[in-house]
Amino acid sequence: MTTMDARSMGTSVRRIEGPDKVTGTATYAGDSVADGTLVLHPVQAGVARGEITAIDTAAAQALPGVVAVLTHRDAPTLGDTGDPEHRVLQGTTIHHRGQYVAAVLAEHAEVAAEAARLVVVTVDENPSTTGFDPDAQAYTPSALANGQPPDSGVGDPDAALAAAPVVVRASYATPMEHHNPMEPHTTTATWVDGRIEVFEATQGVESSRQTLATLFDAEVVVHASHVGGGFGSKGLHAGTVLAVLAARTVPGRPVRFALGRRQMFETVGYRPATVQHMALGASRDGRLEVVTHDVVGATARYKEFVEPAGGSTRSMYAAPHRRTSHRAVPLDLDGPTYMRGPGEAPGSFGLECAMDELAVALDLDPIDLRVRNEPEVHPENGLPFSSRGLVECLHAGAERFGWSSWDRTPRRRLVDGWWHGVGVGCGTFPTLRFPGSAAEITFTGGRYVVAIGAADIGQGARTVLTQIAADALGVDVGSITVEIGSTQVPVGSIAGGSAGTASWGSTVVEAADRFRDKYGENPDDGDHADAATPDNPWAGEYAMAAYCAQFAEVAVHADTGEIRVPRLLGMFGVGRILNPTLGRSQLQGGMVWGLSMALHEESVVDPRFGEVINHDFAGYHVASNADVRVVEAEWIDEDDPYINPMGAKGIGEIGIVGVSAAIANAAYHATGVRVRSLPITCDDFLTSGLL
Amino acid sequence: MKPFTYARPSEASEAVAALAADPDARFLAGGTNLLDHLKLGVVEPSQLVDVNRVTSTAIEDLPDGGLRIGAGVPNSDLAADPRVRERYPAVAAAILAGASGQLRNMASTGGNLLQRTRCVYFADPTTPCTKRDLSQGCSAREGWARYHAILGTAADGCIATHPSDLAVALVAVDAQVQVLGPDGARTIPIGELHRLPGDDPTRDTVLAHGDLITAVDLPAPTPAVRNSTYRKVRDRASYAFALVSAAVALEVRDGTVADVRIALGGVAHKPWRATVAEAALRGRPATDDEFRAAIAAELDAAEPVRSPLGGNTFKLPLVTGTVVSTLRGLAGGTA
Amino acid sequence: MARIRTTVDGLVYEDDVEPRMLLVQYLRERLGKTGTVIGCDTSNCGACTVHLDGLSVKSCSVLAVQANGSEVLTVEGLERDGQLHPVQQAFHDNHALQCGYCTPGMIMQSIDLLGDNPDPTEQEVREGIEGNLCRCTGYQNIVRAVQDAAQKMKPGATASQPASVAGGGA
């Protein structure tokens, strides 16, 4: 078993659509400006829970330029996808603030917005709970969002904790966070003769097509040439359903619904808040006897999604006794969803900070502690690892970072009024392959046209699939044309789960192999072959995952408590990097997400109003340019023959994992103040009494 | 947003008259803040009167060594002016600490002073806000009050802060604001332009409807003003509103504070001149202990908010740390 | 309705617009200039940045009527004789983009910055384009691209080969 030979893979082929993006000619879902396009503006619930008793649309309908006003009264019955979020305008019950209760269609955006404000919705309000209280009544979900069981265990963790010579117990909190891709969710939909054509900001054209086809019992075509970021939020949300419902009322006319930024804080999902109760027990020489990770997380009452924050604790470190558990507190908010590193990003904050606290308690270097607890096989299911680069990442990263030059004693280095310190945090992310894609390769005009309904949400699918196809066919990248981003080419699975490239790439390789088997090296014009995603023969035989070690230097101002991150280094064990330029950018971008999570991001729900109150980019901070200083992403050489033909592990999410813990641990090292709740801000230091 | 009409007069007096004739009309200068409020439904004017042609865009020397800044001078031009940078470093630094390049290109000097609070409840018409509507209560007191006031607040009243960085620096340098109103021209000391909320938080300033800022005069710089700076502490390294900011001017002679000006942002409904601290420091040794004691005296009157969504008690040590650090830096130490 | 006359990317347009129409809406909906995108509608993200009479502005915070009599330059008007503007070229050469949605605004603001400061330090770039948010790249290659463009735009510099390519290779 070996990975395929690489000629183009591993080189920095330039991004194919780069020229389109720097000239403004790359088209996004809202860029269709066909004549006659109507603009949709929604009317949204002003309360978190209740029943609509009346809707008065008269004033809105009377406004010049208004074409239609939709409410539940005249909406058709939709097919059932099993997702409550898709039941748009299907009844009078309000499940969350911001839920769509009506929509205005108008000739111009200004008129649509003005008319939407004139719609009067009368509601019988019911009591609601929208603030997350980790001590509230919680329930055990049937499964986590990734399908895994909520609880896992080996041995007798409570007894082991009672007996362990050194024990660390602490609780860690992560807040609600919103993805905020730069492109707001947008749909441009046209309904003609029972056929729906949609230009959609989506992470998966085929999954969107299937959902809309089920809802509307119609033929559906979905296009997504370019998508302005997704990060998990661009599944199919209620806004798309609303836009298609509206398009149905005006056959032949395109309808565009581009969300405003505020609407993105109430209708397209978020990472739910967690509180993670950690307990680690170890021998005095730093061998873990027991690890427990008990998570209480928020979910939505009307749509369950349980963040698998304890998931990676199941595989990170060896310990004979172990437990993870997840409990959910239901809230009357819109549904949480996958957000970059779902589970791993918040979960690594709990586990990796606790490991740091244990290292302090043991007076052990935190890198040594982790190395001492490296498992030989998966500690819960006993599978061997297909490859596992954690220890190598720790050593290589420490070397490059200059880790050993730092005295481990906290609060030792004061430079120009800033306390400096360093910290490390580790992480993992599963290496997946989704079934269900198909690829078609056609030789035409001397070129190989490779078609697969992949989505490029910024990761560079066009470019990397071109490289994979070139190597699989044994030709130059210049001979390849990749066609993606539409349901009018063979189906592609979603851009998600860090599995897009692995899933589509495996499929393309399979199609290329069949093409060469059928036609040899000298095909005729029009020759074509296709293939479905092959199963991985090693699935179930090996545990497959990417690993990382993240290093942070933090500075905290001695007078004001301001915190900065002058340096981040991520060392990654991710198999083969298919394109170093694109891959490094992905990893750096992920690391800056980790920085942003550590220092900035928090959606503040005001339970009196049932909404996120800091619902714009002035209130919800993402890392700005000046928050970022030196960010290095490097990787170890790793040849993994078991994961996919390319030997490439997904890199979309591993970049964020472990960063917030590395920063929190560095902040402790800098100041002696242990912050166990994100985001970390100046007040954490100002109120510690230690500055 | 609701429809409105648009006028672009060519004389200041016309603009003032247009507003005087229409109680629902508003001036439009750069529009960088007003347009957001139009989009959000925070204000719904009947008419916008564009004043971009009617106010000066020049920065002129005054006979006493000061400067007259036309109200139409864009923020970016003001920050770049070599005279401002040299004589009033706190003013240039304050502008550069605010907003972004694009907004500074568009935003005017006059408009900067009249921007409105960034309180999230003020900007969300679905939540009660006593600044938008006197008949409503303040949502921030029991809500997300991280960015809110600790000084000069009224019991149960508005705790919004004024967001302008420039205004804080102008208060520290004792600028004078030239105003043209329906009844003629007058001069208002900058420290008296902005109000505390008192019993009418809907009014940010003492200006009446139709009053147009035409210029801002900076008096001749004192040695302390020439040795001034602006320090802004925020939740990002740049591009965020202040948690606390301080415009500080300091003259030290023989180790003793000869002159000091301290104006604070992010702590009150108006830029807060720390007169108590200034008085406590004059004639005292320029040491950390003296700085700390002086700002502690200023904060005796502070009333931070404790809220279930995170209050702002941390601003007490933050103000202290910010001011002490800034004074220390101006006195030649490590800021 | 108000009559406005503007020059956009070198062409003169006259239109009747409602006073409440935003410049970005005018550009996209009336003129079809969809290269300028909307990211936040509250003047926070910078995606809609264009130049108004030579200076960068956020076109979601400018009324179309305010642009009356003015010159507007968008990302679509930067190319000259089929050649990318040096900043556009640098963004491509340095892989200073991923999803590309922030890119037009980033480029327009970077050009404004380089007009004021032809040779900015890394920190000056980070602060000079602070009002433009990017959610994909972590900003690293964007800063590199702006500095690369600065070198290319210096008098006497040759505009042939990229000085640096992120991650090596091309």
# chains A, B, ... in the order shown; residues from 1 in each chain; ligands from 1
>>> residues_around(residues="segment 47-57 of chain B", least_positions_apart="5", cutoff="8 Å", atoms="only C-alpha atoms", output="NGL selection string")
:B and (4-12 or 15 or 18-19 or 24-30 or 69-74 or 214-215)
>>> interface_residues(of="chain A", to="chain C", cutoff="6 Å", atoms="only C-alpha atoms", output="number ranges by chain")
A: 12-14, 18, 21-25, 31, 182-183, 228-229, 261, 457-458, 580-581, 585, 588-589, 592, 617, 625-626
>>> write_last_selection(atoms="N, CA and C atoms", output="PDB file, in the first residue's frame")
ATOM      1  N   SER A  12       3.391  24.366  -5.528  1.00  0.00           N
ATOM      2  CA  SER A  12       2.502  25.514  -5.326  1.00  0.00           C
ATOM      3  C   SER A  12       1.940  26.017  -6.652  1.00  0.00           C
ATOM      4  N   VAL A  13       1.119  25.197  -7.268  1.00  0.00           N
ATOM      5  CA  VAL A  13       0.383  25.663  -8.454  1.00  0.00           C
ATOM      6  C   VAL A  13      -0.444  26.878  -8.051  1.00  0.00           C
ATOM      7  N   ARG A  14      -0.430  27.901  -8.908  1.00  0.00           N
ATOM      8  CA  ARG A  14      -1.145  29.129  -8.543  1.00  0.00           C
ATOM      9  C   ARG A  14      -2.652  28.925  -8.611  1.00  0.00           C
ATOM     10  N   GLY A  18      -7.572  32.954  -9.215  1.00  0.00           N
ATOM     11  CA  GLY A  18      -6.995  34.164  -8.625  1.00  0.00           C
ATOM     12  C   GLY A  18      -7.239  35.414  -9.462  1.00  0.00           C
ATOM     13  N   LYS A  21     -10.663  36.745  -9.077  1.00  0.00           N
ATOM     14  CA  LYS A  21     -10.971  37.325  -7.765  1.00  0.00           C
ATOM     15  C   LYS A  21     -10.311  38.685  -7.566  1.00  0.00           C
ATOM     16  N   VAL A  22      -9.156  38.917  -8.163  1.00  0.00           N
ATOM     17  CA  VAL A  22      -8.529  40.237  -7.985  1.00  0.00           C
ATOM     18  C   VAL A  22      -9.113  41.285  -8.929  1.00  0.00           C
ATOM     19  N   THR A  23      -9.902  40.859  -9.898  1.00  0.00           N
ATOM     20  CA  THR A  23     -10.519  41.831 -10.804  1.00  0.00           C
ATOM     21  C   THR A  23     -12.006  42.025 -10.528  1.00  0.00           C
ATOM     22  N   GLY A  24     -12.525  41.306  -9.558  1.00  0.00           N
ATOM     23  CA  GLY A  24     -13.950  41.455  -9.237  1.00  0.00           C
ATOM     24  C   GLY A  24     -14.861  40.751 -10.224  1.00  0.00           C
ATOM     25  N   THR A  25     -14.315  39.857 -11.027  1.00  0.00           N
ATOM     26  CA  THR A  25     -15.153  39.180 -12.014  1.00  0.00           C
ATOM     27  C   THR A  25     -15.591  37.785 -11.575  1.00  0.00           C
ATOM     28  N   ASP A  31     -24.536  37.934  -7.452  1.00  0.00           N
ATOM     29  CA  ASP A  31     -24.033  38.770  -8.539  1.00  0.00           C
ATOM     30  C   ASP A  31     -24.831  38.644  -9.825  1.00  0.00           C
ATOM     31  N   MET A 182     -17.280  36.180   5.154  1.00  0.00           N
ATOM     32  CA  MET A 182     -17.424  37.559   4.673  1.00  0.00           C
ATOM     33  C   MET A 182     -18.618  37.714   3.733  1.00  0.00           C
ATOM     34  N   GLU A 183     -18.904  36.680   2.973  1.00  0.00           N
ATOM     35  CA  GLU A 183     -20.085  36.764   2.112  1.00  0.00           C
ATOM     36  C   GLU A 183     -21.318  36.352   2.911  1.00  0.00           C
ATOM     37  N   GLY A 228     -18.203  32.817  -0.846  1.00  0.00           N
ATOM     38  CA  GLY A 228     -17.388  33.698  -0.022  1.00  0.00           C
ATOM     39  C   GLY A 228     -17.219  33.215   1.404  1.00  0.00           C
ATOM     40  N   GLY A 229     -16.704  32.012   1.539  1.00  0.00           N
ATOM     41  CA  GLY A 229     -16.453  31.450   2.865  1.00  0.00           C
ATOM     42  C   GLY A 229     -17.682  30.730   3.389  1.00  0.00           C
ATOM     43  N   ARG A 261     -26.001  41.404   7.700  1.00  0.00           N
ATOM     44  CA  ARG A 261     -25.109  40.812   8.701  1.00  0.00           C
ATOM     45  C   ARG A 261     -25.868  40.485   9.993  1.00  0.00           C
ATOM     46  N   ILE A 457     -15.168  26.994  -1.553  1.00  0.00           N
ATOM     47  CA  ILE A 457     -15.589  28.045  -0.622  1.00  0.00           C
ATOM     48  C   ILE A 457     -14.386  28.879  -0.200  1.00  0.00           C
ATOM     49  N   GLY A 458     -13.328  28.767  -0.969  1.00  0.00           N
ATOM     50  CA  GLY A 458     -12.119  29.530  -0.679  1.00  0.00           C
ATOM     51  C   GLY A 458     -10.916  28.664  -0.436  1.00  0.00           C
ATOM     52  N   PRO A 580       1.581  23.653  -1.189  1.00  0.00           N
ATOM     53  CA  PRO A 580       2.107  24.359  -0.005  1.00  0.00           C
ATOM     54  C   PRO A 580       1.587  25.783   0.147  1.00  0.00           C
ATOM     55  N   THR A 581       1.447  26.512  -0.961  1.00  0.00           N
ATOM     56  CA  THR A 581       0.972  27.887  -0.829  1.00  0.00           C
ATOM     57  C   THR A 581      -0.471  27.918  -0.342  1.00  0.00           C
ATOM     58  N   SER A 585      -1.795  28.771   3.654  1.00  0.00           N
ATOM     59  CA  SER A 585      -2.786  29.826   3.865  1.00  0.00           C
ATOM     60  C   SER A 585      -3.993  29.292   4.632  1.00  0.00           C
ATOM     61  N   GLN A 588      -2.802  28.785   8.258  1.00  0.00           N
ATOM     62  CA  GLN A 588      -2.651  30.079   8.941  1.00  0.00           C
ATOM     63  C   GLN A 588      -4.015  30.699   9.225  1.00  0.00           C
ATOM     64  N   GLY A 589      -4.897  30.600   8.247  1.00  0.00           N
ATOM     65  CA  GLY A 589      -6.241  31.138   8.453  1.00  0.00           C
ATOM     66  C   GLY A 589      -6.929  30.450   9.621  1.00  0.00           C
ATOM     67  N   VAL A 592      -5.474  31.738  12.851  1.00  0.00           N
ATOM     68  CA  VAL A 592      -5.992  33.060  13.215  1.00  0.00           C
ATOM     69  C   VAL A 592      -7.433  32.948  13.724  1.00  0.00           C
ATOM     70  N   PHE A 617     -20.421  43.610  13.060  1.00  0.00           N
ATOM     71  CA  PHE A 617     -18.967  43.507  13.142  1.00  0.00           C
ATOM     72  C   PHE A 617     -18.353  44.574  14.044  1.00  0.00           C
ATOM     73  N   ASN A 625      -6.623  42.841  11.203  1.00  0.00           N
ATOM     74  CA  ASN A 625      -5.272  42.657  10.669  1.00  0.00           C
ATOM     75  C   ASN A 625      -4.203  42.888  11.737  1.00  0.00           C
ATOM     76  N   ALA A 626      -4.374  43.945  12.526  1.00  0.00           N
ATOM     77  CA  ALA A 626      -3.331  44.301  13.484  1.00  0.00           C
ATOM     78  C   ALA A 626      -3.291  43.363  14.695  1.00  0.00           C
TER      79      ALA A 626
END
>>> interface_residues(of="chain A", to="chain B", cutoff="7 Å", atoms="only C-alpha atoms", output="JSON, numbers by chain")
{"A": [110, 113, 114, 416, 417, 559, 560, 606, 613, 614, 626, 627, 681, 683, 686, 687]}
>>> interface_residues(of="chain B", to="chain C", cutoff="6 Å", atoms="only C-alpha atoms", output="MDAnalysis selection string")
chainID B and resid 32 35:36 100 102
>>> select_by_dssp(residues="segment 271-389 of chain A", states="strand (DSSP E or B)", output="PyMOL selection string")
chain A and resi 271+274-282+288-300+321-331+385
>>> residues_around(residues="Val205 of chain A", least_positions_apart="4", cutoff="8 Å", atoms="only C-alpha atoms", output="compact mmCIF listing (two decimals) with N, CA and C atoms, in the first residue's frame")
# COMPACT_ATOMS: atom_id res chain seq x y z
N GLU A 200 -26.50 29.83 -5.34
CA GLU A 200 -26.58 29.67 -3.89
C GLU A 200 -25.19 29.74 -3.26
N ARG A 209 -29.38 20.77 -3.53
CA ARG A 209 -30.35 20.31 -4.53
C ARG A 209 -31.30 19.28 -3.93
N VAL A 222 -28.69 23.68 -8.96
CA VAL A 222 -28.01 24.59 -8.03
C VAL A 222 -26.62 24.91 -8.57
N HIS A 223 -26.29 26.21 -8.55
CA HIS A 223 -24.96 26.66 -8.97
C HIS A 223 -24.27 27.38 -7.83
N ALA A 224 -22.98 27.17 -7.71
CA ALA A 224 -22.18 27.93 -6.75
C ALA A 224 -20.76 28.01 -7.31
N GLY A 453 -19.14 17.81 -8.84
CA GLY A 453 -19.89 18.91 -8.22
C GLY A 453 -19.33 19.35 -6.88
N ALA A 454 -18.06 19.64 -6.86
CA ALA A 454 -17.41 20.12 -5.64
C ALA A 454 -17.75 21.59 -5.42
N ALA A 455 -17.50 22.08 -4.23
CA ALA A 455 -17.72 23.49 -3.92
C ALA A 455 -16.39 24.12 -3.52
N GLY A 485 -18.86 23.14 -8.89
CA GLY A 485 -19.76 24.21 -8.45
C GLY A 485 -21.12 24.22 -9.10
N SER A 486 -21.62 23.07 -9.51
CA SER A 486 -22.95 23.04 -10.11
C SER A 486 -23.49 21.63 -10.03
N THR A 487 -24.81 21.52 -9.96
CA THR A 487 -25.42 20.18 -10.03
C THR A 487 -25.56 19.72 -11.47
N GLY A 492 -21.18 15.98 -6.23
CA GLY A 492 -20.06 16.09 -5.31
C GLY A 492 -20.58 16.19 -3.90
N ILE A 494 -20.13 17.47 0.17
CA ILE A 494 -19.98 18.85 0.66
C ILE A 494 -18.51 19.22 0.90
>>> atom_distance(atom1="atom CA of Arg462 of chain A", atom2="atom CA of Val146 of chain C")
25.2 Å
>>> residues_around(residues="segment 267-275 of chain A", least_positions_apart="2", cutoff="8 Å", atoms="only C-alpha atoms", output="VMD selection string")
chain A and resid 98 to 99 132 134 171 to 179 233 to 234 237 to 239 263 to 265 277 295 to 299 307 309 334 to 339 342 346
>>> residues_around(residues="segment 652-665 of chain A", least_positions_apart="2", cutoff="6 Å", atoms="only C-alpha atoms", output="PyMOL selection string")
chain A and resi 340-341+345+348-349+352-353+423-427+429+498+550-552+587+590-591+593-594+598+650+667-668
>>> select_by_dssp(residues="segment 29-95 of chain C", states="alpha helix (DSSP H)", output="ChimeraX atom specification")
/C:86-93
>>> write_last_selection(atoms="C-alpha atoms", output="tab-separated table (two decimals), in the first residue's frame")
chain	number	residue	atom	x	y	z
C	86	PRO	CA	0.30	46.21	-9.49
C	87	VAL	CA	-1.74	45.67	-6.32
C	88	GLN	CA	-4.06	43.26	-8.12
C	89	GLN	CA	-1.04	41.47	-9.52
C	90	ALA	CA	0.57	41.30	-6.08
C	91	PHE	CA	-2.57	39.84	-4.53
C	92	HIS	CA	-2.54	37.09	-7.13
C	93	ASP	CA	1.22	36.54	-6.99
>>> residues_around(residues="Pro410 of chain A", least_positions_apart="6", cutoff="8 Å", atoms="only C-alpha atoms", output="NGL selection string")
:A and (421 or 668-672)
>>> write_last_selection(atoms="N, CA and C atoms", output="JSON list (two decimals), in the first residue's frame")
[["chain", "number", "residue", "atom", "x", "y", "z"],
["A", 421, "GLY", "N", 5.07, 35.44, 27.80],
["A", 421, "GLY", "CA", 5.13, 34.03, 28.14],
["A", 421, "GLY", "C", 4.81, 33.18, 26.93],
["A", 668, "TYR", "N", -1.00, 32.40, 31.03],
["A", 668, "TYR", "CA", -0.66, 31.99, 32.39],
["A", 668, "TYR", "C", 0.84, 32.10, 32.62],
["A", 669, "HIS", "N", 1.58, 31.61, 31.66],
["A", 669, "HIS", "CA", 3.04, 31.64, 31.80],
["A", 669, "HIS", "C", 3.55, 33.08, 31.88],
["A", 670, "ALA", "N", 2.89, 33.97, 31.13],
["A", 670, "ALA", "CA", 3.31, 35.37, 31.14],
["A", 670, "ALA", "C", 3.01, 36.04, 32.48],
["A", 671, "THR", "N", 1.85, 35.75, 33.04],
["A", 671, "THR", "CA", 1.35, 36.57, 34.16],
["A", 671, "THR", "C", 1.12, 35.82, 35.45],
["A", 672, "GLY", "N", 0.98, 34.50, 35.37],
["A", 672, "GLY", "CA", 0.56, 33.74, 36.54],
["A", 672, "GLY", "C", -0.95, 33.73, 36.74]]
>>> residues_around(residues="Thr6 of chain C", least_positions_apart="6", cutoff="8 Å", atoms="only C-alpha atoms", output="PyMOL selection string")
chain C and resi 12-14+67-72
>>> write_last_selection(atoms="N, CA and C atoms", output="mmCIF file, in the first residue's frame")
data_model
loop_
_atom_site.group_PDB
_atom_site.id
_atom_site.type_symbol
_atom_site.label_atom_id
_atom_site.label_comp_id
_atom_site.auth_asym_id
_atom_site.auth_seq_id
_atom_site.Cartn_x
_atom_site.Cartn_y
_atom_site.Cartn_z
ATOM 1 N N VAL C 12 -19.049 58.013 -17.919
ATOM 2 C CA VAL C 12 -19.988 58.944 -17.289
ATOM 3 C C VAL C 12 -21.385 58.328 -17.297
ATOM 4 N N TYR C 13 -22.027 58.405 -16.147
ATOM 5 C CA TYR C 13 -23.394 57.897 -16.022
ATOM 6 C C TYR C 13 -24.290 59.012 -15.498
ATOM 7 N N GLU C 14 -25.491 59.089 -16.024
ATOM 8 C CA GLU C 14 -26.495 59.995 -15.453
ATOM 9 C C GLU C 14 -27.710 59.167 -15.116
ATOM 10 N N ALA C 67 -22.352 61.068 -4.264
ATOM 11 C CA ALA C 67 -21.336 60.875 -5.299
ATOM 12 C C ALA C 67 -21.628 61.725 -6.540
ATOM 13 N N ASN C 68 -22.691 62.503 -6.490
ATOM 14 C CA ASN C 68 -23.039 63.340 -7.637
ATOM 15 C C ASN C 68 -21.877 64.278 -7.965
ATOM 16 N N GLY C 69 -21.486 64.268 -9.213
ATOM 17 C CA GLY C 69 -20.393 65.140 -9.633
ATOM 18 C C GLY C 69 -19.019 64.583 -9.333
ATOM 19 N N SER C 70 -18.976 63.382 -8.835
ATOM 20 C CA SER C 70 -17.687 62.813 -8.408
ATOM 21 C C SER C 70 -17.243 61.696 -9.339
ATOM 22 N N GLU C 71 -15.989 61.325 -9.126
ATOM 23 C CA GLU C 71 -15.433 60.173 -9.836
ATOM 24 C C GLU C 71 -15.369 58.991 -8.893
ATOM 25 N N VAL C 72 -15.879 57.868 -9.353
ATOM 26 C CA VAL C 72 -15.844 56.639 -8.570
ATOM 27 C C VAL C 72 -14.956 55.641 -9.302
#
>>> atom_distance(atom1="atom CA of Val173 of chain B", atom2="atom CA of Pro219 of chain B")
7.5 Å
>>> atom_distance(atom1="atom CA of Ala109 of chain A", atom2="atom CA of Val43 of chain A")
13.8 Å
